[in-house]
$ cat run-v5.csv   # CSV, C-alpha atoms (C1' of nucleotides)
chain,number,residue,atom,x,y,z
A,7,MET,CA,-8.3,-8.2,11.6
A,8,GLU,CA,-7.4,-11.4,9.9
A,9,GLN,CA,-6.9,-14.3,12.2
A,10,LYS,CA,-4.0,-16.0,10.4
A,11,ILE,CA,-1.7,-13.0,10.3
A,12,HIS,CA,0.7,-13.2,13.1
A,13,PRO,CA,0.9,-10.2,15.5
A,14,GLN,CA,4.5,-9.8,14.5
A,15,TYR,CA,3.3,-8.5,11.1
A,16,GLU,CA,1.1,-6.0,12.8
A,17,ALA,CA,4.1,-4.7,14.8
A,18,ARG,CA,6.3,-4.4,11.8
A,19,ALA,CA,3.5,-2.7,9.7
A,20,ASN,CA,3.1,-0.1,12.5
A,21,ILE,CA,6.7,1.0,12.1
A,22,ILE,CA,6.6,1.0,8.3
A,23,LYS,CA,3.3,3.0,8.4
A,24,ALA,CA,5.1,5.6,10.5
A,25,ILE,CA,7.8,5.9,7.8
A,26,GLY,CA,5.3,6.0,5.0
A,27,HIS,CA,4.4,9.7,4.9
A,28,PRO,CA,6.0,12.4,2.8
A,29,THR,CA,6.6,14.8,5.6
A,30,ARG,CA,7.9,12.0,7.9
A,31,LEU,CA,10.2,10.7,5.2
A,32,PHE,CA,11.6,14.2,4.9
A,33,ILE,CA,12.1,14.5,8.6
A,34,LEU,CA,13.8,11.1,8.8
A,35,GLU,CA,16.2,12.0,6.0
A,36,GLU,CA,16.9,15.4,7.6
A,37,LEU,CA,17.6,13.8,11.0
A,38,HIS,CA,19.8,11.4,9.2
A,39,ARG,CA,21.9,14.3,8.2
A,40,GLN,CA,21.9,16.1,11.5
A,41,GLU,CA,19.7,16.4,14.7
A,42,ARG,CA,17.1,19.2,14.5
A,43,CYS,CA,14.6,20.9,16.8
A,44,VAL,CA,10.9,21.1,16.1
A,45,ASN,CA,11.3,24.8,15.1
A,46,GLU,CA,13.9,24.2,12.5
A,47,LEU,CA,12.0,21.3,11.0
A,48,THR,CA,8.8,23.4,10.9
A,49,ASP,CA,10.6,26.1,8.9
A,50,MET,CA,11.9,23.6,6.4
A,51,ILE,CA,8.5,21.9,6.0
A,52,GLY,CA,6.3,24.9,6.0
A,53,SER,CA,3.2,23.5,7.7
A,54,ASP,CA,1.8,24.3,11.2
A,55,VAL,CA,4.2,23.6,14.1
A,56,SER,CA,1.5,21.4,15.7
A,57,THR,CA,1.4,19.3,12.6
A,58,VAL,CA,5.2,18.8,12.7
A,59,SER,CA,5.1,18.1,16.4
A,60,LYS,CA,2.5,15.4,15.8
A,61,HIS,CA,4.6,13.8,13.0
A,62,LEU,CA,7.5,13.7,15.4
A,63,SER,CA,5.3,12.1,18.0
A,64,VAL,CA,4.4,9.4,15.5
A,65,LEU,CA,8.0,8.7,14.7
A,66,LYS,CA,8.9,8.7,18.4
A,67,ASN,CA,6.1,6.3,19.3
A,68,ALA,CA,7.4,4.0,16.6
A,69,GLY,CA,10.8,4.2,18.2
A,70,LEU,CA,12.4,5.7,15.1
A,71,VAL,CA,13.6,9.0,16.7
A,72,HIS,CA,14.8,10.1,20.0
A,73,ASP,CA,14.4,13.5,21.6
A,74,GLU,CA,16.6,15.4,24.0
A,75,LYS,CA,15.8,18.7,25.7
A,76,ARG,CA,18.5,21.3,25.5
A,77,GLY,CA,17.8,24.8,26.6
A,78,ALA,CA,14.4,26.0,25.4
A,79,SER,CA,14.4,23.5,22.5
A,80,ILE,CA,13.9,19.8,22.0
A,81,TYR,CA,16.3,18.2,19.6
A,82,TYR,CA,15.3,15.1,17.7
A,83,LYS,CA,17.7,12.6,16.2
A,84,LEU,CA,17.4,9.4,14.3
A,85,CYS,CA,17.5,6.1,16.4
A,86,CYS,CA,18.2,3.6,13.7
A,87,PRO,CA,19.9,5.1,10.6
A,88,CYS,CA,19.3,1.8,8.8
A,89,VAL,CA,15.6,2.7,8.3
A,90,LEU,CA,16.7,4.8,5.3
A,91,ASP,CA,18.9,2.2,3.7
A,92,PHE,CA,16.0,0.9,1.6
A,93,ILE,CA,15.2,4.2,0.0
A,94,GLY,CA,17.5,3.1,-2.8
A,95,CYS,CA,15.2,0.1,-3.4
A,96,ILE,CA,12.1,2.3,-3.3
A,97,GLU,CA,13.8,4.5,-6.0
A,98,THR,CA,14.3,1.5,-8.1
A,99,VAL,CA,10.7,0.6,-7.8
A,100,LEU,CA,9.7,4.1,-8.8
A,101,LYS,CA,12.1,4.1,-11.8
A,102,THR,CA,10.8,0.8,-13.0
A,103,ASN,CA,7.2,2.1,-12.7
A,104,VAL,CA,8.0,5.2,-14.8
A,105,GLU,CA,9.7,3.0,-17.4
A,106,LYS,CA,6.6,0.8,-17.6
A,107,GLN,CA,4.5,3.9,-18.2
A,108,MET,CA,6.8,5.1,-20.9
A,109,ASN,CA,6.6,1.7,-22.6
A,110,ILE,CA,2.8,1.8,-22.5
A,111,ALA,CA,2.8,5.3,-23.9
A,112,GLN,CA,5.2,4.4,-26.7
A,113,CYS,CA,3.1,1.4,-27.7
A,114,CYS,CA,0.1,3.8,-28.0
A,115,GLY,CA,2.2,6.2,-30.1
A,116,ILE,CA,2.2,8.9,-27.5
A,117,THR,CA,5.3,11.2,-27.5
A,118,ILE,CA,6.4,12.5,-24.1
A,119,ALA,CA,8.2,15.8,-23.9
A,120,LYS,CA,11.1,16.0,-21.5
A,121,PRO,CA,10.6,18.4,-18.6
A,122,GLU,CA,12.3,21.8,-19.1
A,123,HIS,CA,14.3,21.7,-15.8
B,6,MET,CA,-0.4,19.2,1.5
B,7,GLU,CA,2.8,21.0,2.6
B,8,GLN,CA,4.3,23.2,0.0
B,9,LYS,CA,8.0,22.6,0.8
B,10,ILE,CA,7.9,18.8,0.6
B,11,HIS,CA,9.1,17.7,-2.8
B,12,PRO,CA,6.8,15.5,-4.8
B,13,GLN,CA,9.5,12.8,-4.7
B,14,TYR,CA,8.7,12.2,-1.1
B,15,GLU,CA,5.1,11.7,-1.9
B,16,ALA,CA,6.0,9.1,-4.5
B,17,ARG,CA,8.3,7.3,-2.1
B,18,ALA,CA,5.7,7.5,0.7
B,19,ASN,CA,3.0,5.9,-1.5
B,20,ILE,CA,5.2,2.8,-2.1
B,21,ILE,CA,6.1,2.5,1.6
B,22,LYS,CA,2.4,2.9,2.5
B,23,ALA,CA,1.6,0.0,0.3
B,24,ILE,CA,4.2,-2.1,2.2
B,25,GLY,CA,3.0,-0.9,5.6
B,26,HIS,CA,0.1,-3.3,6.3
B,27,PRO,CA,0.2,-6.6,8.2
B,28,THR,CA,-1.5,-8.6,5.5
B,29,ARG,CA,0.4,-7.0,2.7
B,30,LEU,CA,3.7,-7.6,4.5
B,31,PHE,CA,2.7,-11.2,4.8
B,32,ILE,CA,1.9,-11.4,1.1
B,33,LEU,CA,5.2,-9.8,0.2
B,34,GLU,CA,7.1,-12.3,2.3
B,35,GLU,CA,5.2,-15.2,0.9
B,36,LEU,CA,5.8,-14.1,-2.7
B,37,HIS,CA,9.4,-13.7,-1.8
B,38,ARG,CA,9.5,-17.4,-1.0
B,39,GLN,CA,7.5,-18.4,-4.1
B,40,GLU,CA,4.8,-17.1,-6.5
B,41,ARG,CA,1.2,-17.7,-5.4
B,42,CYS,CA,-2.3,-17.2,-6.8
B,43,VAL,CA,-5.0,-15.2,-5.1
B,44,ASN,CA,-6.7,-18.4,-4.0
B,45,GLU,CA,-3.7,-19.8,-2.2
B,46,LEU,CA,-3.0,-16.5,-0.5
B,47,THR,CA,-6.6,-16.2,0.6
B,48,ASP,CA,-6.4,-19.7,2.2
B,49,MET,CA,-3.3,-18.7,4.1
B,50,ILE,CA,-4.6,-15.3,5.2
B,51,GLY,CA,-8.2,-16.3,6.2
B,52,SER,CA,-10.0,-13.2,5.1
B,53,ASP,CA,-12.5,-12.6,2.2
B,54,VAL,CA,-11.0,-13.3,-1.2
B,55,SER,CA,-12.1,-9.8,-2.3
B,56,THR,CA,-10.1,-8.3,0.5
B,57,VAL,CA,-7.0,-10.2,-0.6
B,58,SER,CA,-7.6,-9.2,-4.2
B,59,LYS,CA,-7.7,-5.6,-3.2
B,60,HIS,CA,-4.5,-5.9,-1.2
B,61,LEU,CA,-2.8,-7.4,-4.2
B,62,SER,CA,-4.2,-4.6,-6.3
B,63,VAL,CA,-2.6,-2.1,-3.9
B,64,LEU,CA,0.8,-3.9,-4.2
B,65,LYS,CA,0.5,-4.1,-8.0
B,66,ASN,CA,-0.4,-0.3,-8.3
B,67,ALA,CA,2.7,0.4,-6.2
B,68,GLY,CA,4.8,-1.6,-8.7
B,69,LEU,CA,5.8,-4.1,-6.0
B,70,VAL,CA,4.3,-7.3,-7.5
B,71,HIS,CA,3.6,-8.6,-11.0
B,72,ASP,CA,0.8,-10.8,-12.1
B,73,GLU,CA,0.7,-13.5,-14.7
B,74,LYS,CA,-2.4,-15.4,-15.9
B,75,ARG,CA,-1.9,-19.2,-16.1
B,76,GLY,CA,-4.9,-21.4,-16.7
B,77,ALA,CA,-7.8,-20.4,-14.5
B,78,SER,CA,-5.5,-18.7,-11.9
B,79,ILE,CA,-3.5,-15.5,-11.7
B,80,TYR,CA,-0.1,-15.9,-10.2
B,81,TYR,CA,1.5,-13.1,-8.4
B,82,LYS,CA,5.2,-12.7,-7.8
B,83,LEU,CA,7.5,-10.1,-6.2
B,84,CYS,CA,9.0,-7.5,-8.5
B,85,CYS,CA,11.8,-6.1,-6.3
B,86,PRO,CA,12.9,-8.6,-3.7
B,87,CYS,CA,15.0,-5.8,-2.1
B,88,VAL,CA,11.8,-4.3,-0.5
B,89,LEU,CA,12.1,-7.0,2.2
B,90,ASP,CA,15.8,-6.3,2.9
B,91,PHE,CA,15.0,-3.8,5.6
B,92,ILE,CA,12.8,-6.1,7.6
B,93,GLY,CA,15.9,-6.8,9.7
B,94,CYS,CA,16.2,-3.1,10.5
B,95,ILE,CA,12.5,-3.0,11.5
B,96,GLU,CA,13.0,-6.0,13.8
B,97,THR,CA,15.9,-4.1,15.4
B,98,VAL,CA,13.6,-1.1,16.0
B,99,LEU,CA,11.0,-3.4,17.5
B,100,LYS,CA,13.6,-5.2,19.7
B,101,THR,CA,14.9,-1.8,21.0
B,102,ASN,CA,11.4,-0.7,21.8
B,103,VAL,CA,10.8,-3.8,23.8
B,104,GLU,CA,14.0,-3.3,25.7
B,105,LYS,CA,13.1,0.3,26.5
B,106,GLN,CA,9.8,-0.9,27.9
B,107,MET,CA,11.5,-3.5,29.9
B,108,ASN,CA,13.9,-0.9,31.4
B,109,ILE,CA,11.0,1.3,32.3
B,110,ALA,CA,9.2,-1.6,33.9
B,111,GLN,CA,12.3,-2.5,35.9
B,112,CYS,CA,12.8,1.0,37.1
B,113,CYS,CA,9.2,0.9,38.4
B,114,GLY,CA,9.9,-2.4,40.2
B,115,ILE,CA,7.6,-4.4,37.9
B,116,THR,CA,8.5,-8.0,37.3
B,117,ILE,CA,7.7,-9.4,33.9
B,118,ALA,CA,7.0,-13.1,33.5
B,119,LYS,CA,8.5,-14.8,30.5
B,120,PRO,CA,5.9,-16.2,28.1
B,121,GLU,CA,5.3,-20.0,28.3
B,122,HIS,CA,6.0,-20.7,24.6
C,20,DT,C1',7.3,37.7,38.4
C,21,DG,C1',6.2,38.8,33.6
C,22,DT,C1',7.0,38.1,28.7
C,23,DA,C1',8.8,35.9,24.7
C,24,DT,C1',9.8,31.5,22.7
C,25,DA,C1',9.3,26.5,22.0
C,26,DT,C1',6.5,22.5,22.1
C,27,DT,C1',2.6,19.7,22.9
C,28,DT,C1',-2.3,18.6,23.4
C,29,DG,C1',-7.4,18.8,22.5
C,30,DG,C1',-10.7,19.2,19.3
C,31,DC,C1',-12.7,19.3,14.9
C,32,DA,C1',-13.6,18.5,9.8
C,33,DA,C1',-11.9,16.4,5.7
C,34,DT,C1',-10.1,12.6,3.6
C,35,DA,C1',-8.2,7.9,3.2
C,36,DT,C1',-8.2,3.1,4.3
C,37,DA,C1',-10.0,-1.5,5.4
C,38,DG,C1',-12.9,-5.2,5.0
C,39,DC,C1',-17.2,-7.3,4.1
C,40,DC,C1',-21.1,-8.7,0.9
C,41,DA,C1',-23.0,-9.1,-3.5
C,42,DA,C1',-22.5,-8.9,-8.2
C,43,DA,C1',-19.8,-8.8,-12.4
C,44,DT,C1',-16.2,-10.9,-15.2
C,45,DA,C1',-13.2,-14.4,-17.0
C,46,DT,C1',-11.7,-19.0,-17.7
C,47,DA,C1',-11.8,-24.2,-17.8
C,48,DC,C1',-14.0,-28.0,-19.0
C,49,DA,C1',-17.8,-31.4,-19.3
D,27,DT,C1',-23.6,-24.1,-24.1
D,28,DG,C1',-23.9,-24.7,-19.1
D,29,DT,C1',-21.6,-25.1,-14.7
D,30,DA,C1',-17.8,-24.7,-11.5
D,31,DT,C1',-13.9,-22.2,-10.2
D,32,DA,C1',-11.0,-17.9,-9.9
D,33,DT,C1',-10.7,-13.1,-9.6
D,34,DT,C1',-12.1,-8.3,-9.7
D,35,DT,C1',-15.2,-4.5,-9.0
D,36,DG,C1',-18.9,-1.6,-6.8
D,37,DG,C1',-20.9,-0.2,-2.8
D,38,DC,C1',-21.3,0.3,1.9
D,39,DT,C1',-19.9,1.2,6.8
D,40,DA,C1',-16.5,1.5,10.3
D,41,DT,C1',-12.3,3.2,11.5
D,42,DA,C1',-7.8,5.7,11.1
D,43,DT,C1',-5.2,9.5,9.5
D,44,DT,C1',-4.1,14.2,8.5
D,45,DG,C1',-3.8,19.0,9.3
D,46,DC,C1',-5.4,23.1,11.0
D,47,DC,C1',-6.7,26.3,15.0
D,48,DA,C1',-6.8,27.4,19.7
D,49,DA,C1',-5.3,26.5,24.1
D,50,DA,C1',-2.2,24.5,27.5
D,51,DT,C1',2.4,23.6,29.1
D,52,DA,C1',7.3,24.4,29.6
D,53,DT,C1',11.5,27.0,29.5
D,54,DA,C1',14.6,31.2,29.3
D,55,DC,C1',15.6,35.4,30.6
D,56,DA,C1',14.9,40.3,31.6

$ encode --input "run-v5.csv" --output "C-alpha cells"
Amino acid sequence: MEQKIHPQYEARANIIKAIGHPTRLFILEELHRQERCVNELTDMIGSDVSTVSKHLSVLKNAGLVHDEKRGASIYYKLCCPCVLDFIGCIETVLKTNVEKQMNIAQCCGITIAKPEH
Amino acid sequence: MEQKIHPQYEARANIIKAIGHPTRLFILEELHRQERCVNELTDMIGSDVSTVSKHLSVLKNAGLVHDEKRGASIYYKLCCPCVLDFIGCIETVLKTNVEKQMNIAQCCGITIAKPEH
DNA sequence: TGTATATTTGGCAATATAGCCAAATATACA
DNA sequence: TGTATATTTGGCTATATTGCCAAATATACA
C-alpha cells in the first residue's frame, strides 16, 4: 500500500467499502426503516441465507449495524442512521451522469426513446 | 446477482465503491481543497503515476471528478463536493468502534497505553 | 430428548480490484 | 523535427470479494 496515505484513510475506506454493495445498500435502507431478522431480509433479497448472513457480518464488522437476539431470531438494526444521509448526493451524481450521456447522444444525433414504465 | 435488488442499488453501489478506497478518498479530499494535476497528486501519494492515473479514471467514470487539459497537464477537480459531507458520519462510526473495543478491553482487565504523539 | 427453525461458518470457484512495469500517446518548447 | 515532460493504456500477478452449497451451531418447543 502507498506509504504517504495516512492509516485514517484506510479505516474510512473500509467502512465505505462495506456500504458500497447493492445488497448491503438495500439492507441498510431497510434497517433504516425498521429492524429486521436475517430471515426477513433473505426473503426480501432472494439470495441464499448464507449470503445475506455474510453481508450482515460485513456491516456488523464495519460497525454499521447492531444485532440483538430475541427468541429464535437475531434482529439487526442500523447503528448510525447518518450513513444514508448522503444517498441524496449519490443520486445527484447519477442524475448528472445520465444528463451527460444524454448530451453526448444528442450531439451525435441519437434519439432516445423514453422507457414505457 | 440477486433478482430482487433493484438496478438502482447497483448504480449507487458503483459510485460508493469508487469512493471507498484509501487513495481515492485522499484524492477526493485534496481535490475538494483545490484542483490538482496527476503529477502533483502522484507526488503527494507516492505510488506509481500509472496507479494514480487509474484511480483518477475510476473517479472520473463514476462521475465524481472532472478533468480539464491546460498546457501540458491535466487538471482534475471535484464534481460534487457533497460526496465528502458524510466523512463526519464515517468518523463517528470509527470513533464508536474504538469505544466499543475499549469497553471490551476494560471488561477483560486490559489496560491500554495512550499513544505518545 | 427429538425435531423444526434460524443463523453462522467453512470451503470452493468465479470474478473483480489493485498496483507495478513497460509501452503508447500527447503536448510543450528548443 | 527532436527531446523532455505529462498522462494513459496494456498486460501481468497478487489479492480480495462474492455467492453458492453443505455442514455446524443455536434456539424453541412438542

$ residues_around --input "run-v5.csv" --residues "segment 48-62 of chain A" --least-positions-apart "2" --cutoff "8 Å" --atoms "all atoms listed in the file" --output "PDB file with C-alpha atoms (C1' of nucleotides), in the frame of the given file"
ATOM      1  CA  THR A  29       6.600  14.800   5.600  1.00  0.00           C
ATOM      2  CA  ARG A  30       7.900  12.000   7.900  1.00  0.00           C
ATOM      3  CA  VAL A  44      10.900  21.100  16.100  1.00  0.00           C
ATOM      4  CA  ASN A  45      11.300  24.800  15.100  1.00  0.00           C
ATOM      5  CA  GLU A  46      13.900  24.200  12.500  1.00  0.00           C
ATOM      6  CA  VAL A  64       4.400   9.400  15.500  1.00  0.00           C
ATOM      7  CA  LEU A  65       8.000   8.700  14.700  1.00  0.00           C
ATOM      8  CA  LYS A  66       8.900   8.700  18.400  1.00  0.00           C
ATOM      9  CA  VAL A  71      13.600   9.000  16.700  1.00  0.00           C
TER      10      VAL A  71
ATOM     11  CA  GLU B   7       2.800  21.000   2.600  1.00  0.00           C
ATOM     12  CA  GLN B   8       4.300  23.200   0.000  1.00  0.00           C
ATOM     13  CA  LYS B   9       8.000  22.600   0.800  1.00  0.00           C
ATOM     14  CA  ILE B  10       7.900  18.800   0.600  1.00  0.00           C
TER      15      ILE B  10
ATOM     16  C1'  DT C  26       6.500  22.500  22.100  1.00  0.00           C
ATOM     17  C1'  DT C  27       2.600  19.700  22.900  1.00  0.00           C
TER      18       DT C  27
ATOM     19  C1'  DG D  45      -3.800  19.000   9.300  1.00  0.00           C
ATOM     20  C1'  DC D  46      -5.400  23.100  11.000  1.00  0.00           C
TER      21       DC D  46
END

$ atom_distance --input "run-v5.csv" --atom1 "atom CA of Gly94 of chain A" --atom2 "atom CA of Leu70 of chain A"
18.8 Å

$ residues_around --input "run-v5.csv" --residues "Glu96 of chain B" --least-positions-apart "5" --cutoff "10 Å" --atoms "only C-alpha atoms (C1' of nucleotides)" --output "PDB file with C-alpha atoms, in the coordinates of the input"
ATOM      1  CA  GLN A  14       4.500  -9.800  14.500  1.00  0.00           C
ATOM      2  CA  ALA A  17       4.100  -4.700  14.800  1.00  0.00           C
ATOM      3  CA  ARG A  18       6.300  -4.400  11.800  1.00  0.00           C
ATOM      4  CA  ILE A  21       6.700   1.000  12.100  1.00  0.00           C
TER       5      ILE A  21
ATOM      6  CA  PHE B  91      15.000  -3.800   5.600  1.00  0.00           C
ATOM      7  CA  THR B 101      14.900  -1.800  21.000  1.00  0.00           C
ATOM      8  CA  ASN B 102      11.400  -0.700  21.800  1.00  0.00           C
TER       9      ASN B 102
END

$ closest_residue --input "run-v5.csv" --among "A:Pro87, A:Gly26, A:Pro121, A:Gly77" --to "chain C" --atoms "all atoms listed in the file"
A:Gly77

$ atom_distance --input "run-v5.csv" --atom1 "atom CA of Cys113 of chain A" --atom2 "atom CA of Thr98 of chain A"
22.6 Å

$ atom_distance --input "run-v5.csv" --atom1 "atom CA of His37 of chain B" --atom2 "atom CA of Asp72 of chain B"
13.7 Å

$ interface_residues --input "run-v5.csv" --of "chain C" --to "chain A" --cutoff "10 Å" --atoms "all atoms listed in the file" --output "mmCIF file with C-alpha atoms (C1' of nucleotides), in the coordinates of the input"
data_model
loop_
_atom_site.group_PDB
_atom_site.id
_atom_site.type_symbol
_atom_site.label_atom_id
_atom_site.label_comp_id
_atom_site.auth_asym_id
_atom_site.auth_seq_id
_atom_site.Cartn_x
_atom_site.Cartn_y
_atom_site.Cartn_z
ATOM 1 C "C1'" DT C 24 9.800 31.500 22.700
ATOM 2 C "C1'" DA C 25 9.300 26.500 22.000
ATOM 3 C "C1'" DT C 26 6.500 22.500 22.100
ATOM 4 C "C1'" DT C 27 2.600 19.700 22.900
ATOM 5 C "C1'" DT C 28 -2.300 18.600 23.400
ATOM 6 C "C1'" DA C 37 -10.000 -1.500 5.400
ATOM 7 C "C1'" DG C 38 -12.900 -5.200 5.000
#

$ interface_residues --input "run-v5.csv" --of "chain D" --to "chain A" --cutoff "12 Å" --atoms "only C-alpha atoms (C1' of nucleotides)" --output "PyMOL selection string"
chain D and resi 42-49+52-55

$ write_last_selection --input "run-v5.csv" --atoms "C-alpha atoms (C1' of nucleotides)" --output "PDB file, in the frame of the given file"
ATOM      1  C1'  DA D  42      -7.800   5.700  11.100  1.00  0.00           C
ATOM      2  C1'  DT D  43      -5.200   9.500   9.500  1.00  0.00           C
ATOM      3  C1'  DT D  44      -4.100  14.200   8.500  1.00  0.00           C
ATOM      4  C1'  DG D  45      -3.800  19.000   9.300  1.00  0.00           C
ATOM      5  C1'  DC D  46      -5.400  23.100  11.000  1.00  0.00           C
ATOM      6  C1'  DC D  47      -6.700  26.300  15.000  1.00  0.00           C
ATOM      7  C1'  DA D  48      -6.800  27.400  19.700  1.00  0.00           C
ATOM      8  C1'  DA D  49      -5.300  26.500  24.100  1.00  0.00           C
ATOM      9  C1'  DA D  52       7.300  24.400  29.600  1.00  0.00           C
ATOM     10  C1'  DT D  53      11.500  27.000  29.500  1.00  0.00           C
ATOM     11  C1'  DA D  54      14.600  31.200  29.300  1.00  0.00           C
ATOM     12  C1'  DC D  55      15.600  35.400  30.600  1.00  0.00           C
TER      13       DC D  55
END

$ residues_around --input "run-v5.csv" --residues "Cys88 of chain A" --least-positions-apart "2" --cutoff "9 Å" --atoms "all atoms listed in the file" --output "list in words"
Cys85, Cys86, Leu90, Asp91 and Phe92 of chain A; Phe91, Cys94 and Ile95 of chain B
